[in-house]
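I have placed the structure first, in the form of C-alpha cells, so that the comments after it can refer back to it.
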Amino acid sequence: MPVDPNKPLEIQKKQYQQMVNRAKPRPPILRNTFWAFIVGGIICAIGQGFLNYFKGLGLSALEAGTASAIVLVFFTALFTGLGVYDEIAKYGGAGTIVPITGFANSMVAPAMEARPEGLVLGVGARLFTIAGPILTFGFTFAWLAAILYYLFT
Amino acid sequence: MAAPKKLGQQTVMFQNPPVIAATATIVGPKEGQGPLAHTFDKVVEDPYYAEKCWEKAERRMLEEVMQTVIKKAVLAPANIDYLLAGDLLNQIISAGFTARSLGIPFIGLYGACATMYEGLALGAILIDGGFADYVVVGASSHYSTAERQYRFPTEQGVQRPPTAQWTVTGAGAALLARTGAGPVVTHATIGKVLDLGQGDPNDFGSAMAPAAADTIVRHLQDTARGPQDFDLFLTGDLGIYGKGLADQLVRERGFDIGNKFADCGTMIYDHQKQDTHAGGSGCACAAVVTCGYLMQQMLTGKIKRVLGVATGALLSPLTTKQGETIPVIAHAVAIEMR
C-alpha cells in the first residue's frame, strides 16, 4: 500500500511501516545461531581444557574454576587489545558475549577508548559503561537469591 | 511582495548562481580501498592520522581539506568571508576547533549527515544575497568517533544487523565563489523535518528515505522540473534499503527517477568485500562523494545537471533510549555545469 501524504500522519506511519517491513532484510538468524554455537562451544571447550589442567595440578574444583576464568579473561583482554576479539564476535555473536570472555571484552573495550580522557575521568569512569548493567543486575539478583536461600533453608 | 528569489514552497533560485570554484577531500583507509578511491585527493592509511585520539584525527582531516580547498582556489584564509562547517560530534567540535585555527568568520552547522548540503545551500544564499565573495563549506566524520558517541566502543564485540551502515572516515570541503569557472549552484531546497515513526538506530535508511523523497518531490514541484531535466539524483547516505524505499516513495508521488538515482552511501564501499552492510553514512559520506566523484564527473562533462540531496537523522543516543522515533531531514542543491 502506498504512503498517502494527504492522509493523517498516524495512517501514513502505518502505511510506511508496512512498506519498510517488506523492504527490510531479515538478519540471518539460522547462520548466526550456528556460528554462535560453534564459537561459544570452542570458547567453553578451551575453558574446560584449562579447568582440567588446573585440576591436574592439584587445585580443588572451585579453585581450578577460578583459575581458568582468570586465564580466559586474560586472553580476552589480550585479544581485545590486539583488535581481534571484535572480529571473532562479528561471526560468533552471542557465542562470544555469553561466556565470561564477553564480560571481559565489554570492560577492556571502553577502557581502551577512554584513555585520551585520562586515567580517572576517562578509564576509571568509563570502565563500566557496558558492564555496569551486568554488575547492577548481577548484584541485585544475587542479593535476592541470598535472601530466598536464607528464608527457605 | 513575495520574496523575489523564492520559488514555490521551499526552494530558492539563485539569480547569479554561485560557482563551486574548488573542492578537496581526504578519506580514511577503508574508503581508500573502496571503488571511489581514485576520486579522492588523499587517502590516509592511519585512522589516528598520527594524532593521539580519533577526535583529533577527524579535526586534522577537516582542517586539512579546508586549507587545501583554499589553496586550490589560489586564495588565503583572509580572503574567505565565511566558513560554514559541521560534523557529528557533540557540540560540533571538529568544526569549531578547525575554525579556531583558520581564523575565518565561522557559522557552525548541524544537520547530521545532511550538513554538507545544508552548508552548500546556505553558502550559496550568502553569496547570491551579496553578503560574501567567497564561502568555504565543509563537513567531516570518523568511523571511530561516531561509533564511540552513538553506539559501542569500537573493540566491543557486537554483531551489526544487515541494515546497519558504516560511518565514513574523512572530510570534504567546497569553496563557493561569486564568479569564476566551475559548476554552479542554481537552486536549493531546504527540507522539513519529518518523522514517519521509524525508531531503529541501526536502520537510518528506512528512517531517512521519506525525507529524501519529500525534498526531491518538493524540489521538482517548486521548480516545475521533472526527472528528465536531470542527469543524476544523488542522495547522501540512504544505503541500499533506504535508497529502494526513497525510490518507491518518489514514484508513488508521480516521478520516476529510478534509472538516474544514485546514493553516495551505496557507492563508497564494496559491500560484498568490505562488510559494510547497507552502505556508508556520516557527514563525510555525502561530502567526499560530492566533492570528489561528483565534481570530477561534472568537470569532465559526464554529468551536466545533478540534484544532490543529503539526508540527516536528527537523533541522539539519549532520545533513542528515551523511546523516541527518529526525526529526519533532507536538503537539496541543484548543481549544473554550464
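Scheme for the C-alpha cells: letters A, B, ... for chains in order shown; per-chain residue numbers from 1; ligand numbers from 1 in order shown.
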
Give me, as a VMD selection string, the contact residues of chain B against chain A at a cut-off of 8 Å, counting only C-alpha atoms. chain B and resid 52 to 53 153 to 163 196 to 198 206 241 244 to 245 249 252

Skip Asp200 of chain B itself and residues of its chain fewer than 4 positions away, then list as a list of chain:residue names all residues within 9 Å of it, counting only C-alpha atoms. B:Phe204, B:Ser206, B:Ala207, B:Thr320, B:Thr325, B:Ile326

Could you write out that same residue set with all heavy atoms as a CSV table (one decimal), in the first residue's frame?
chain,number,residue,atom,x,y,z
B,204,PHE,N,19.0,3.6,9.7
B,204,PHE,CA,18.8,5.0,9.3
B,204,PHE,C,18.2,5.2,7.9
B,204,PHE,O,17.5,6.1,7.7
B,204,PHE,CB,20.1,5.8,9.4
B,204,PHE,CG,20.5,6.1,10.8
B,204,PHE,CD1,21.8,6.4,11.1
B,204,PHE,CD2,19.6,6.1,11.9
B,204,PHE,CE1,22.3,6.7,12.4
B,204,PHE,CE2,20.0,6.4,13.2
B,204,PHE,CZ,21.3,6.7,13.4
B,206,SER,N,15.8,3.5,6.4
B,206,SER,CA,14.3,3.5,6.4
B,206,SER,C,13.8,4.7,7.1
B,206,SER,O,12.7,5.3,6.7
B,206,SER,CB,13.8,2.3,7.2
B,206,SER,OG,14.2,1.1,6.6
B,207,ALA,N,14.5,5.3,8.1
B,207,ALA,CA,14.1,6.5,8.7
B,207,ALA,C,14.2,7.7,7.8
B,207,ALA,O,13.3,8.5,7.7
B,207,ALA,CB,14.9,6.7,10.0
B,320,THR,N,17.0,8.0,21.7
B,320,THR,CA,16.7,6.6,21.3
B,320,THR,C,16.4,5.8,22.6
B,320,THR,O,15.4,5.1,22.7
B,320,THR,CB,17.9,5.9,20.6
B,320,THR,OG1,18.1,6.7,19.5
B,320,THR,CG2,17.5,4.5,20.2
B,325,THR,N,11.1,8.2,18.4
B,325,THR,CA,11.4,7.9,17.0
B,325,THR,C,12.4,8.9,16.4
B,325,THR,O,12.7,9.8,17.1
B,325,THR,CB,10.1,7.8,16.1
B,325,THR,OG1,9.4,9.0,16.3
B,325,THR,CG2,9.2,6.6,16.6
B,326,ILE,N,12.8,8.7,15.2
B,326,ILE,CA,13.9,9.5,14.6
B,326,ILE,C,13.4,10.6,13.7
B,326,ILE,O,12.8,10.3,12.6
B,326,ILE,CB,14.8,8.5,13.8
B,326,ILE,CG1,15.3,7.4,14.7
B,326,ILE,CG2,16.0,9.3,13.3
B,326,ILE,CD1,16.0,6.3,13.9

Skipping near chain neighbours, those fewer than 5 positions away, what residues fall within 9 Å of Asn52 of chain A using only C-alpha atoms, listed as a list of chain:residue names? A:Gly47, A:Leu57, A:Ala64

What lies within 9 Å of Glu55 of chain B using only C-alpha atoms, ignoring chain neighbours under 4 positions off, as a list in words?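 Contacts, with the query itself left out: Tyr48, Glu51, Arg59, Arg60, Leu89, Ile93, Ser94, His142, Ser144 and Thr145 of chain B.
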
At what distance in Å, to one decimal, does atom CA of Ala67 of chain A lie from atom CA of Ala142 of chain A?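 Here the two named atoms are 21.8 Å from each other.
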
Give me, as a VMD selection string, all polymer residues having an atom no more than 9 Å from Ile26 of chain B, counting only C-alpha atoms and skipping those fewer than 5 positions away in the same chain. chain B and resid 40 to 44 61 to 62 64 to 65 169 to 172 288

Taking the backbone alone, and naming residues the way the document does, which bits of segment 4-131 of chain B are strand (DSSP E or B) by DSSP, as a PyMOL selection string? chain B and resi 6-7+11-13+19-27+42-43+82-87+106-108+111+113

My list of candidates is B:Gln9, B:Thr189, B:Gln15, B:Gln272. Which is closest to Glu118 of chain B when distances are computed with only C-alpha atoms? B:Thr189

Which residues are close to Leu122 of chain B, i.e. within 12 Å by only C-alpha atoms, leaving aside same-chain residues fewer than 3 positions away? Reply as a PyMOL selection string. chain B and resi 12+14+18+82-85+107-109+115-119+125-129+131-132+135-138+176+185+187-190+331-333

Can you write just those residues out, N, CA, C and O atoms, as a short mmCIF file (atom, residue, chain, number, x, y, z; two decimals), in the first residue's frame?
data_model
loop_
_atom_site.label_atom_id
_atom_site.label_comp_id
_atom_site.auth_asym_id
_atom_site.auth_seq_id
_atom_site.Cartn_x
_atom_site.Cartn_y
_atom_site.Cartn_z
N VAL B 12 14.76 28.02 -3.22
CA VAL B 12 15.26 29.32 -3.64
C VAL B 12 15.99 29.15 -4.97
O VAL B 12 16.60 28.12 -5.22
N PHE B 14 18.84 30.98 -7.42
CA PHE B 14 19.87 32.00 -7.36
C PHE B 14 19.91 32.79 -8.65
O PHE B 14 19.89 32.22 -9.74
N PRO B 18 26.11 30.91 -7.60
CA PRO B 18 27.47 30.81 -7.08
C PRO B 18 28.22 29.63 -7.72
O PRO B 18 27.62 28.61 -8.04
N TYR B 82 33.19 33.67 4.89
CA TYR B 82 32.56 32.82 5.91
C TYR B 82 33.04 31.39 5.79
O TYR B 82 33.27 30.90 4.68
N LEU B 83 33.14 30.75 6.92
CA LEU B 83 33.39 29.31 6.97
C LEU B 83 32.13 28.67 7.53
O LEU B 83 31.69 29.00 8.63
N LEU B 84 31.53 27.78 6.75
CA LEU B 84 30.34 27.05 7.21
C LEU B 84 30.73 25.59 7.35
O LEU B 84 31.11 24.96 6.37
N ALA B 85 30.67 25.07 8.55
CA ALA B 85 31.09 23.68 8.71
C ALA B 85 30.36 23.02 9.86
O ALA B 85 29.82 23.69 10.75
N ILE B 107 30.37 30.06 10.90
CA ILE B 107 28.99 29.71 11.26
C ILE B 107 28.95 28.20 11.39
O ILE B 107 29.15 27.47 10.41
N GLY B 108 28.74 27.71 12.60
CA GLY B 108 28.70 26.27 12.84
C GLY B 108 27.36 25.70 12.43
O GLY B 108 26.32 26.30 12.68
N LEU B 109 27.39 24.53 11.79
CA LEU B 109 26.15 23.93 11.31
C LEU B 109 25.97 22.56 11.91
O LEU B 109 26.93 21.83 12.12
N THR B 115 24.72 17.81 6.69
CA THR B 115 25.43 19.06 6.97
C THR B 115 26.09 19.67 5.74
O THR B 115 26.02 20.89 5.53
N MET B 116 26.72 18.85 4.91
CA MET B 116 27.41 19.39 3.73
C MET B 116 26.45 20.14 2.82
O MET B 116 26.76 21.22 2.32
N TYR B 117 25.26 19.58 2.63
CA TYR B 117 24.30 20.22 1.72
C TYR B 117 23.62 21.40 2.39
O TYR B 117 23.25 22.37 1.72
N GLU B 118 23.44 21.33 3.68
CA GLU B 118 22.94 22.49 4.42
C GLU B 118 23.92 23.65 4.20
O GLU B 118 23.54 24.78 3.94
N GLY B 119 25.22 23.33 4.27
CA GLY B 119 26.26 24.33 4.07
C GLY B 119 26.28 24.88 2.65
O GLY B 119 26.40 26.09 2.45
N ILE B 125 23.32 30.96 -0.64
CA ILE B 125 22.40 32.05 -0.26
C ILE B 125 23.22 33.28 0.15
O ILE B 125 22.92 34.41 -0.25
N LEU B 126 24.27 33.07 0.93
CA LEU B 126 25.11 34.20 1.38
C LEU B 126 25.74 34.91 0.18
O LEU B 126 25.80 36.14 0.13
N ILE B 127 26.21 34.12 -0.78
CA ILE B 127 26.89 34.73 -1.93
C ILE B 127 25.89 35.44 -2.85
O ILE B 127 26.08 36.60 -3.21
N ASP B 128 24.82 34.73 -3.21
CA ASP B 128 23.86 35.34 -4.12
C ASP B 128 23.14 36.52 -3.46
O ASP B 128 22.67 37.43 -4.14
N GLY B 129 23.07 36.51 -2.16
CA GLY B 129 22.45 37.62 -1.45
C GLY B 129 23.35 38.85 -1.41
O GLY B 129 22.92 39.92 -0.96
N PHE B 131 26.25 38.97 0.29
CA PHE B 131 26.89 39.10 1.61
C PHE B 131 28.31 38.55 1.63
O PHE B 131 28.99 38.63 2.65
N ALA B 132 28.73 37.92 0.55
CA ALA B 132 30.06 37.30 0.56
C ALA B 132 30.58 37.11 -0.86
O ALA B 132 29.79 36.95 -1.80
N VAL B 135 32.92 31.68 0.15
CA VAL B 135 32.47 30.94 1.33
C VAL B 135 33.07 29.53 1.24
O VAL B 135 33.00 28.90 0.19
N VAL B 136 33.65 29.07 2.33
CA VAL B 136 34.13 27.69 2.37
C VAL B 136 33.13 26.85 3.17
O VAL B 136 32.71 27.25 4.26
N VAL B 137 32.76 25.72 2.60
CA VAL B 137 31.79 24.81 3.24
C VAL B 137 32.48 23.47 3.46
O VAL B 137 33.16 22.99 2.55
N GLY B 138 32.30 22.89 4.63
CA GLY B 138 32.93 21.58 4.85
C GLY B 138 32.22 20.76 5.90
O GLY B 138 31.43 21.28 6.70
N LEU B 176 32.87 28.09 -2.44
CA LEU B 176 31.89 28.76 -3.28
C LEU B 176 32.37 30.18 -3.56
O LEU B 176 32.84 30.87 -2.65
N VAL B 185 25.80 26.47 -8.50
CA VAL B 185 24.66 26.07 -7.69
C VAL B 185 23.47 26.92 -8.12
O VAL B 185 23.49 28.15 -7.96
N HIS B 187 19.87 26.16 -7.60
CA HIS B 187 18.72 26.15 -6.69
C HIS B 187 19.09 25.44 -5.40
O HIS B 187 19.98 24.61 -5.38
N ALA B 188 18.34 25.75 -4.37
CA ALA B 188 18.47 24.97 -3.13
C ALA B 188 17.07 24.78 -2.54
O ALA B 188 16.26 25.70 -2.57
N THR B 189 16.80 23.59 -2.08
CA THR B 189 15.53 23.31 -1.42
C THR B 189 15.83 22.89 0.02
O THR B 189 16.53 21.91 0.26
N ILE B 190 15.33 23.68 0.95
CA ILE B 190 15.56 23.39 2.37
C ILE B 190 14.45 22.46 2.85
O ILE B 190 13.27 22.76 2.68
N HIS B 331 18.18 18.09 2.63
CA HIS B 331 18.35 19.34 1.89
C HIS B 331 18.82 19.02 0.48
O HIS B 331 19.68 18.15 0.30
N ALA B 332 18.28 19.76 -0.49
CA ALA B 332 18.68 19.50 -1.87
C ALA B 332 19.34 20.74 -2.48
O ALA B 332 18.96 21.87 -2.17
N VAL B 333 20.32 20.49 -3.31
CA VAL B 333 21.00 21.56 -4.02
C VAL B 333 21.12 21.14 -5.48
O VAL B 333 21.58 20.03 -5.75
#
